[in-house]
Protein chains: 2
Amino acid sequence: MLTTERKALLMAALDKDGRIIAKEFSRKLDVSEDTIRRDLRELASEGLLQRVHGGALPASKALADLSTRGNVSADDKTEIGKIAAAMVKEGQIIFLDGGTTTARLARALRKDISLTVVTHSPDIASALIDHSRVEVEAIGGRIFKHSNVAIGAVAIEAISRIRADIYFMGVTGIHADYGLTTGDREEAAVKRAICSRSAETIALGSREKLGSVSAYSVVDFGVIDSVVVSKRCPEELLIPLRTKGVQIMGRST
Amino acid sequence: MLTTERKALLMAALDKDGRIIAKEFSRKLDVSEDTIRRDLRELASEGLLQRVHGGALPASKALADLSTRGNVSADDKTEIGKIAAAMVKEGQIIFLDGGTTTARLARALRKDISLTVVTHSPDIASALIDHSRVEVEAIGGRIFKHSNVAIGAVAIEAISRIRADIYFMGVTGIHADYGLTTGDREEAAVKRAICSRSAETIALGSREKLGSVSAYSVVDFGVIDSVVVSKRCPEELLIPLRTKGVQIMGRST
DNA sequence: TAATTTCACGCACGTTATTGCGCGATTCGT
DNA sequence: ACGAATCGCGCAATAACGTGCGTGAAATTA
């Protein structure tokens with residue numbers, strides 16, 4: 001049984017059944033579960049399927065995709081959202097990035113708080129519909145499907161007309177040497193534009209972001225004022241950041 | 001049964017029925033109620049649904065409107081959405097209004113169709129995330145909470161830079177004498193702006209809209225090209241419109 | 001051909017996730 | 001206000017996970 005052959009069988013089965021259960025295939029193909037898991041991991045890293053506990057699902061299942069993405073360190077993100085929400089003061093103008101962590105922040109805002117939220121994420125805009133005293137200013141532009149935010153020249157132009165008190169930035173990588181990074185060039189450009197229009201920038205860093213690096217640099221430390229992390233976050237991940245003079249928030253509370 | 005799969009089923013059921021009853025799913029999927037409750041709790045913490053005693057409901061009112069249960073002329077809207085979606089041709093640029101009927105239109109679009117959708121509704125933008133070949137252009141501006149669409153000068157300015165093939169307009173009133181009307185002055189202004197930038201304007205009229213009038217006039221017949229109605233719609237409601245020379249679509253199919 | 005490298009695989013181990021159940025608290029319907 | 005249904009939480013058993021390591025086969029090199 002060739003590796004490639006086995007992977008092809010896995011993909012075919014996924015296509016047919018809409019799901020793969022690792023254990024089943026282990027028996028069916030008479031290889032160890034580890035091997036199947038390895039295969040699935042590799043196929044997942046190629047984006048051909050979506051790895052889940054117990055097996056795999058099609059990659060295209062946006063629903064499964066979204067819920068899984070949100071599930072990575074979910075408690076972390078909720079906590080960070082709460083901490084960040086507590087930093088917001090009545091009457092401020094804040095900019096909220098797209099992403100699951102900022103979505104938590106939006107939900108963690110007091111229902112009766114009165115402020116202005118600017119966002120280029122349709123999801124964030126929709127999430128704030130229940131906050132009757134929160135004025136929402138949506139930034140338009142071409143929607144980047146991967147993260148569901150508006151990007152491009154139109155978005156950047158619209159951002160340049162805004163002035164915010166705080167920008168809560170979501171990134172995919174926070175690294176002492178490489179600064180803040182994200183997976184898309186245009187998204188990075190938008191984040192930079194927002195930075196330059198905000199009095200204060202605060203990055204939200206759930207555990208898996210710390211110490212990791214993505215393809216495109218957003219800004220270096222120094223541009224951002226602080227990083228919010230959860231209490232759960234191991235101290236050793238923070239040490240490199242502290243040496244860079246980054247203010248860490250949410251630890252001592 | 002994979003955990004993720006179960007969650008996906010829950011979301012699908014919520015989408016379809018507009019509610020989830022924990023006990024029912026416990027039996028249907030043959031797992032304990034605790035497991036369902038846990039799933040629901042987790043999905044709720046991700047903002048994907050709203051937890052209630054006994055089960056769960058859609059996360060937001062907007063999403064609740066999309067479910068077929070407990071909605072005014074829901075089937076009507078679904079049917080109209082399908083008819084309108086069938087009018088869209090590959091490669092076109094279409095403008096989608098906010099509202100539940102246009103949301104159904106968006107859902108009714110073929111998953112593999114390739115076109116550009118312009119919208120000032122965050123909900124519509126989010127709804128199209130699964131349509132990987134649909135390019136979404138979001139119009140920014142101040143969000144009008146009542147209908148959750150971008151309005152104001154910023155929105156109108158952004159609209160003025162777009163040129164669309166078809167505008168699918170949602171209104172709250174369609175009346176032979178008063179034309180098309182809606183409940184907000186600024187929303188009416190936005191609709192007019194979109195009209196003027198679209199080669200063709202098609203109004204979507206679920207049954208309860210026909211013959212009713214709202215406070216603010218959008219446009220008169222003559223500006224719009226046709227009205228889509230459902231088969232269920234009583235003929236007598238249409239007679240006044242026919243005398244005005246409005247083209248009625250979706251009846252003879 | 002013999003030595004060496006590369007690779008796939010399975011196994012063991014410690015870690016994490018999932019699940020059902022019991023319990024006391026909360027909420028709902030009457 | 002009261003009984004019943006539902007809830008959240010902690011616990012323990014089980015399943016699944018990732019990783020490091022050893023083995024042996026295949027490929028490469030000398």
# chains A, B, ... in the order shown; residues from 1 in each chain; ligands from 1
>>> calpha_fit_rmsd(fixed="chain B", moving="chain A")
10.5 Å
>>> residues_around(residues="segment 216-218 of chain A", least_positions_apart="3", cutoff="12 Å", atoms="only C-alpha atoms (C1' of nucleotides)", output="tab-separated table (two decimals) with N, CA, C and O atoms, in the first residue's frame")
chain	number	residue	atom	x	y	z
A	169	MET	N	-6.55	45.21	17.38
A	169	MET	CA	-6.06	44.50	16.21
A	169	MET	C	-5.97	43.00	16.45
A	169	MET	O	-5.50	42.55	17.48
A	170	GLY	N	-6.43	42.25	15.48
A	170	GLY	CA	-6.24	40.81	15.52
A	170	GLY	C	-5.17	40.42	14.52
A	170	GLY	O	-5.12	40.96	13.41
A	171	VAL	N	-4.29	39.56	14.90
A	171	VAL	CA	-3.22	39.12	14.00
A	171	VAL	C	-3.11	37.59	14.09
A	171	VAL	O	-3.70	36.98	14.97
A	172	THR	N	-2.34	37.03	13.19
A	172	THR	CA	-2.15	35.58	13.27
A	172	THR	C	-0.80	35.22	13.87
A	172	THR	O	-0.60	34.08	14.25
A	173	GLY	N	0.10	36.18	13.94
A	173	GLY	CA	1.40	35.90	14.54
A	173	GLY	C	1.90	37.05	15.39
A	173	GLY	O	1.79	38.21	14.99
A	174	ILE	N	2.41	36.71	16.55
A	174	ILE	CA	3.04	37.70	17.43
A	174	ILE	C	4.38	37.13	17.85
A	174	ILE	O	4.43	36.14	18.57
A	175	HIS	N	5.43	37.74	17.37
A	175	HIS	CA	6.75	37.19	17.62
A	175	HIS	C	7.72	38.31	17.98
A	175	HIS	O	7.73	39.36	17.35
A	177	ASP	N	10.83	38.76	17.56
A	177	ASP	CA	11.76	39.22	16.53
A	177	ASP	C	11.06	39.75	15.28
A	177	ASP	O	11.54	40.70	14.65
A	178	TYR	N	9.94	39.13	14.93
A	178	TYR	CA	9.30	39.48	13.66
A	178	TYR	C	8.10	40.42	13.82
A	178	TYR	O	7.46	40.79	12.85
A	179	GLY	N	7.76	40.77	15.04
A	179	GLY	CA	6.65	41.68	15.26
A	179	GLY	C	5.32	41.02	14.99
A	179	GLY	O	5.15	39.81	15.16
A	180	LEU	N	4.38	41.82	14.51
A	180	LEU	CA	3.03	41.31	14.25
A	180	LEU	C	2.90	40.95	12.78
A	180	LEU	O	3.26	41.72	11.91
A	181	THR	N	2.36	39.77	12.54
A	181	THR	CA	2.26	39.29	11.17
A	181	THR	C	0.87	38.73	10.88
A	181	THR	O	0.14	38.34	11.79
A	182	THR	N	0.53	38.70	9.61
A	182	THR	CA	-0.76	38.14	9.20
A	182	THR	C	-0.59	37.44	7.86
A	182	THR	O	0.44	37.54	7.21
A	183	GLY	N	-1.62	36.72	7.44
A	183	GLY	CA	-1.48	35.82	6.31
A	183	GLY	C	-1.70	36.41	4.93
A	183	GLY	O	-1.50	35.74	3.93
A	184	ASP	N	-2.13	37.66	4.87
A	184	ASP	CA	-2.44	38.24	3.57
A	184	ASP	C	-1.83	39.64	3.45
A	184	ASP	O	-1.88	40.44	4.39
A	185	ARG	N	-1.31	39.91	2.28
A	185	ARG	CA	-0.62	41.19	2.07
A	185	ARG	C	-1.59	42.37	2.18
A	185	ARG	O	-1.30	43.37	2.84
A	186	GLU	N	-2.73	42.22	1.54
A	186	GLU	CA	-3.68	43.34	1.55
A	186	GLU	C	-4.27	43.57	2.93
A	186	GLU	O	-4.52	44.69	3.34
A	187	GLU	N	-4.49	42.47	3.63
A	187	GLU	CA	-5.01	42.60	4.98
A	187	GLU	C	-4.00	43.34	5.85
A	187	GLU	O	-4.37	44.19	6.67
A	188	ALA	N	-2.73	43.02	5.65
A	188	ALA	CA	-1.68	43.71	6.41
A	188	ALA	C	-1.71	45.20	6.11
A	188	ALA	O	-1.59	46.04	7.02
A	189	ALA	N	-1.90	45.54	4.84
A	189	ALA	CA	-1.94	46.96	4.46
A	189	ALA	C	-3.10	47.67	5.14
A	189	ALA	O	-2.97	48.80	5.61
A	190	VAL	N	-4.24	47.00	5.20
A	190	VAL	CA	-5.42	47.59	5.84
A	190	VAL	C	-5.14	47.81	7.32
A	190	VAL	O	-5.43	48.87	7.88
A	191	LYS	N	-4.54	46.81	7.96
A	191	LYS	CA	-4.24	46.93	9.38
A	191	LYS	C	-3.30	48.11	9.63
A	191	LYS	O	-3.47	48.88	10.58
A	192	ARG	N	-2.32	48.25	8.77
A	192	ARG	CA	-1.40	49.38	8.92
A	192	ARG	C	-2.14	50.70	8.79
A	192	ARG	O	-1.91	51.64	9.54
A	193	ALA	N	-3.04	50.77	7.82
A	193	ALA	CA	-3.81	52.00	7.61
A	193	ALA	C	-4.61	52.35	8.86
A	193	ALA	O	-4.67	53.50	9.28
A	194	ILE	N	-5.19	51.32	9.47
A	194	ILE	CA	-6.00	51.57	10.66
A	194	ILE	C	-5.10	52.04	11.81
A	194	ILE	O	-5.43	52.97	12.54
A	195	CYS	N	-3.97	51.38	11.94
A	195	CYS	CA	-2.98	51.78	12.95
A	195	CYS	C	-2.70	53.27	12.87
A	195	CYS	O	-2.71	53.99	13.86
A	196	SER	N	-2.44	53.71	11.65
A	196	SER	CA	-2.01	55.10	11.48
A	196	SER	C	-3.13	56.09	11.77
A	196	SER	O	-2.91	57.28	11.90
A	203	ALA	N	-3.09	44.96	20.44
A	203	ALA	CA	-3.19	43.68	19.75
A	203	ALA	C	-3.80	42.64	20.67
A	203	ALA	O	-3.56	42.64	21.87
A	213	VAL	N	4.68	33.06	13.53
A	213	VAL	CA	4.94	34.06	12.50
A	213	VAL	C	4.15	33.72	11.25
A	213	VAL	O	4.06	32.56	10.87
A	221	PHE	N	6.73	46.01	17.01
A	221	PHE	CA	6.43	46.54	18.33
A	221	PHE	C	6.96	47.97	18.37
A	221	PHE	O	7.92	48.31	17.70
A	223	VAL	N	5.11	50.43	17.44
A	223	VAL	CA	3.92	51.01	16.83
A	223	VAL	C	2.70	50.66	17.69
A	223	VAL	O	1.84	51.50	17.92
A	224	ILE	N	2.67	49.43	18.16
A	224	ILE	CA	1.54	49.06	19.00
A	224	ILE	C	1.85	49.36	20.45
A	224	ILE	O	3.00	49.38	20.88
>>> closest_atom_pairs(of="chain A", to="chain C", cutoff="8 Å", atoms="only C-alpha atoms (C1' of nucleotides)", output="Markdown table")
| residue | atom | partner | partner_atom | distance |
| --- | --- | --- | --- | --- |
| A:Thr3 | CA | C:DA8 | C1' | 8.0 |
| A:Ser32 | CA | C:DG10 | C1' | 6.6 |
| A:Asp34 | CA | C:DG10 | C1' | 7.8 |
| A:Thr35 | CA | C:DC9 | C1' | 7.0 |
| A:His53 | CA | C:DA17 | C1' | 7.9 |
>>> write_last_selection(atoms="C-alpha atoms", output="PDB file, in the first residue's frame")
ATOM      1  CA  THR A   3       1.196   6.351   0.822  1.00  0.00           C
ATOM      2  CA  SER A  32      -2.258   1.736  12.319  1.00  0.00           C
ATOM      3  CA  ASP A  34      -1.257   6.718  13.563  1.00  0.00           C
ATOM      4  CA  THR A  35      -0.656   6.300   9.897  1.00  0.00           C
ATOM      5  CA  HIS A  53     -11.298  15.065  16.414  1.00  0.00           C
TER       6      HIS A  53
END
>>> closest_residue(among="B:Lys82, B:Arg110, B:Arg38, B:Lys89", to="Asp165 of chain B", atoms="only C-alpha atoms")
B:Lys89
>>> closest_atom_pairs(of="chain A", to="chain B", cutoff="9 Å", atoms="only C-alpha atoms", output="JSON lines")
{"residue": "A:Arg19", "atom": "CA", "partner": "B:Glu5", "partner_atom": "CA", "distance": 8.4}
{"residue": "A:Ile21", "atom": "CA", "partner": "B:Leu2", "partner_atom": "CA", "distance": 7.9}
{"residue": "A:Val52", "atom": "CA", "partner": "B:Thr4", "partner_atom": "CA", "distance": 6.7}
{"residue": "A:His53", "atom": "CA", "partner": "B:Leu2", "partner_atom": "CA", "distance": 7.0}
{"residue": "A:Gly54", "atom": "CA", "partner": "B:Leu2", "partner_atom": "CA", "distance": 6.2}
{"residue": "A:Gly55", "atom": "CA", "partner": "B:Leu2", "partner_atom": "CA", "distance": 7.5}
{"residue": "A:Ala56", "atom": "CA", "partner": "B:Leu2", "partner_atom": "CA", "distance": 8.7}
{"residue": "A:Leu57", "atom": "CA", "partner": "B:Glu5", "partner_atom": "CA", "distance": 7.9}
{"residue": "A:Ser60", "atom": "CA", "partner": "B:Asp130", "partner_atom": "CA", "distance": 8.3}
{"residue": "A:Lys61", "atom": "CA", "partner": "B:Asp130", "partner_atom": "CA", "distance": 8.5}
{"residue": "A:Ala62", "atom": "CA", "partner": "B:Asp130", "partner_atom": "CA", "distance": 6.4}
{"residue": "A:Leu63", "atom": "CA", "partner": "B:Ala8", "partner_atom": "CA", "distance": 6.6}
{"residue": "A:Ala64", "atom": "CA", "partner": "B:Ala8", "partner_atom": "CA", "distance": 6.0}
{"residue": "A:Ser67", "atom": "CA", "partner": "B:Glu46", "partner_atom": "CA", "distance": 7.3}
{"residue": "A:Thr68", "atom": "CA", "partner": "B:Thr4", "partner_atom": "CA", "distance": 7.6}
{"residue": "A:Gly70", "atom": "CA", "partner": "B:Glu46", "partner_atom": "CA", "distance": 6.3}
{"residue": "A:Asn71", "atom": "CA", "partner": "B:Glu46", "partner_atom": "CA", "distance": 7.6}
{"residue": "A:Ala74", "atom": "CA", "partner": "B:Glu46", "partner_atom": "CA", "distance": 7.7}
{"residue": "A:Asp75", "atom": "CA", "partner": "B:Ser45", "partner_atom": "CA", "distance": 8.7}
{"residue": "A:Thr78", "atom": "CA", "partner": "B:Ser45", "partner_atom": "CA", "distance": 7.8}
{"residue": "A:Thr100", "atom": "CA", "partner": "B:Glu46", "partner_atom": "CA", "distance": 7.8}
{"residue": "A:Ala103", "atom": "CA", "partner": "B:Gly47", "partner_atom": "CA", "distance": 8.1}
{"residue": "A:Arg104", "atom": "CA", "partner": "B:Glu46", "partner_atom": "CA", "distance": 7.6}
{"residue": "A:Arg107", "atom": "CA", "partner": "B:Gly47", "partner_atom": "CA", "distance": 8.1}
{"residue": "A:His120", "atom": "CA", "partner": "B:Gly140", "partner_atom": "CA", "distance": 8.2}
{"residue": "A:Ser121", "atom": "CA", "partner": "B:Pro122", "partner_atom": "CA", "distance": 8.0}
{"residue": "A:Pro122", "atom": "CA", "partner": "B:Pro122", "partner_atom": "CA", "distance": 4.3}
{"residue": "A:Asp123", "atom": "CA", "partner": "B:Ser126", "partner_atom": "CA", "distance": 6.5}
{"residue": "A:Ile124", "atom": "CA", "partner": "B:Pro122", "partner_atom": "CA", "distance": 8.7}
{"residue": "A:Ala125", "atom": "CA", "partner": "B:Pro122", "partner_atom": "CA", "distance": 6.6}
{"residue": "A:Ser126", "atom": "CA", "partner": "B:Pro122", "partner_atom": "CA", "distance": 6.2}
{"residue": "A:Ala127", "atom": "CA", "partner": "B:Ser60", "partner_atom": "CA", "distance": 7.7}
{"residue": "A:Leu128", "atom": "CA", "partner": "B:Lys145", "partner_atom": "CA", "distance": 9.0}
{"residue": "A:Ile129", "atom": "CA", "partner": "B:Lys145", "partner_atom": "CA", "distance": 6.0}
{"residue": "A:Asp130", "atom": "CA", "partner": "B:Ser60", "partner_atom": "CA", "distance": 8.2}
{"residue": "A:Ser132", "atom": "CA", "partner": "B:Lys145", "partner_atom": "CA", "distance": 7.5}
{"residue": "A:Glu135", "atom": "CA", "partner": "B:Ile143", "partner_atom": "CA", "distance": 7.3}
{"residue": "A:Val136", "atom": "CA", "partner": "B:Ile143", "partner_atom": "CA", "distance": 5.4}
{"residue": "A:Glu137", "atom": "CA", "partner": "B:Arg142", "partner_atom": "CA", "distance": 4.5}
{"residue": "A:Ala138", "atom": "CA", "partner": "B:Gly140", "partner_atom": "CA", "distance": 4.7}
{"residue": "A:Ile139", "atom": "CA", "partner": "B:Gly140", "partner_atom": "CA", "distance": 4.5}
{"residue": "A:Gly140", "atom": "CA", "partner": "B:Gly140", "partner_atom": "CA", "distance": 3.8}
{"residue": "A:Gly141", "atom": "CA", "partner": "B:Ala138", "partner_atom": "CA", "distance": 5.1}
{"residue": "A:Arg142", "atom": "CA", "partner": "B:Glu137", "partner_atom": "CA", "distance": 4.5}
{"residue": "A:Ile143", "atom": "CA", "partner": "B:Val136", "partner_atom": "CA", "distance": 5.4}
{"residue": "A:Phe144", "atom": "CA", "partner": "B:Val136", "partner_atom": "CA", "distance": 8.2}
{"residue": "A:Lys145", "atom": "CA", "partner": "B:Ile129", "partner_atom": "CA", "distance": 6.1}
{"residue": "A:His146", "atom": "CA", "partner": "B:Ile129", "partner_atom": "CA", "distance": 8.5}
{"residue": "A:Asn148", "atom": "CA", "partner": "B:Ile129", "partner_atom": "CA", "distance": 7.2}
{"residue": "A:Ala150", "atom": "CA", "partner": "B:Ala138", "partner_atom": "CA", "distance": 6.9}
{"residue": "A:Val154", "atom": "CA", "partner": "B:Ala158", "partner_atom": "CA", "distance": 8.7}
{"residue": "A:Ala155", "atom": "CA", "partner": "B:Gly140", "partner_atom": "CA", "distance": 8.5}
{"residue": "A:Ala158", "atom": "CA", "partner": "B:Gly140", "partner_atom": "CA", "distance": 8.1}
>>> atom_distance(atom1="atom CA of Lys28 of chain A", atom2="atom C1' of DC17 of chain D")
20.4 Å
>>> closest_atom_pairs(of="chain D", to="chain B", cutoff="12 Å", atoms="only C-alpha atoms (C1' of nucleotides)", output="tab-separated table")
residue	atom	partner	partner_atom	distance
D:DA5	C1'	B:Gly54	CA	8.8
D:DT6	C1'	B:Gly54	CA	6.5
D:DC7	C1'	B:His53	CA	7.9
D:DG8	C1'	B:Arg38	CA	9.5
D:DC9	C1'	B:Asp34	CA	11.2
D:DA15	C1'	B:Leu2	CA	11.9
D:DA16	C1'	B:Leu2	CA	11.4
>>> select_by_dssp(residues="segment 39-220 of chain A", states="alpha helix (DSSP H)", output="count of residues only")
66
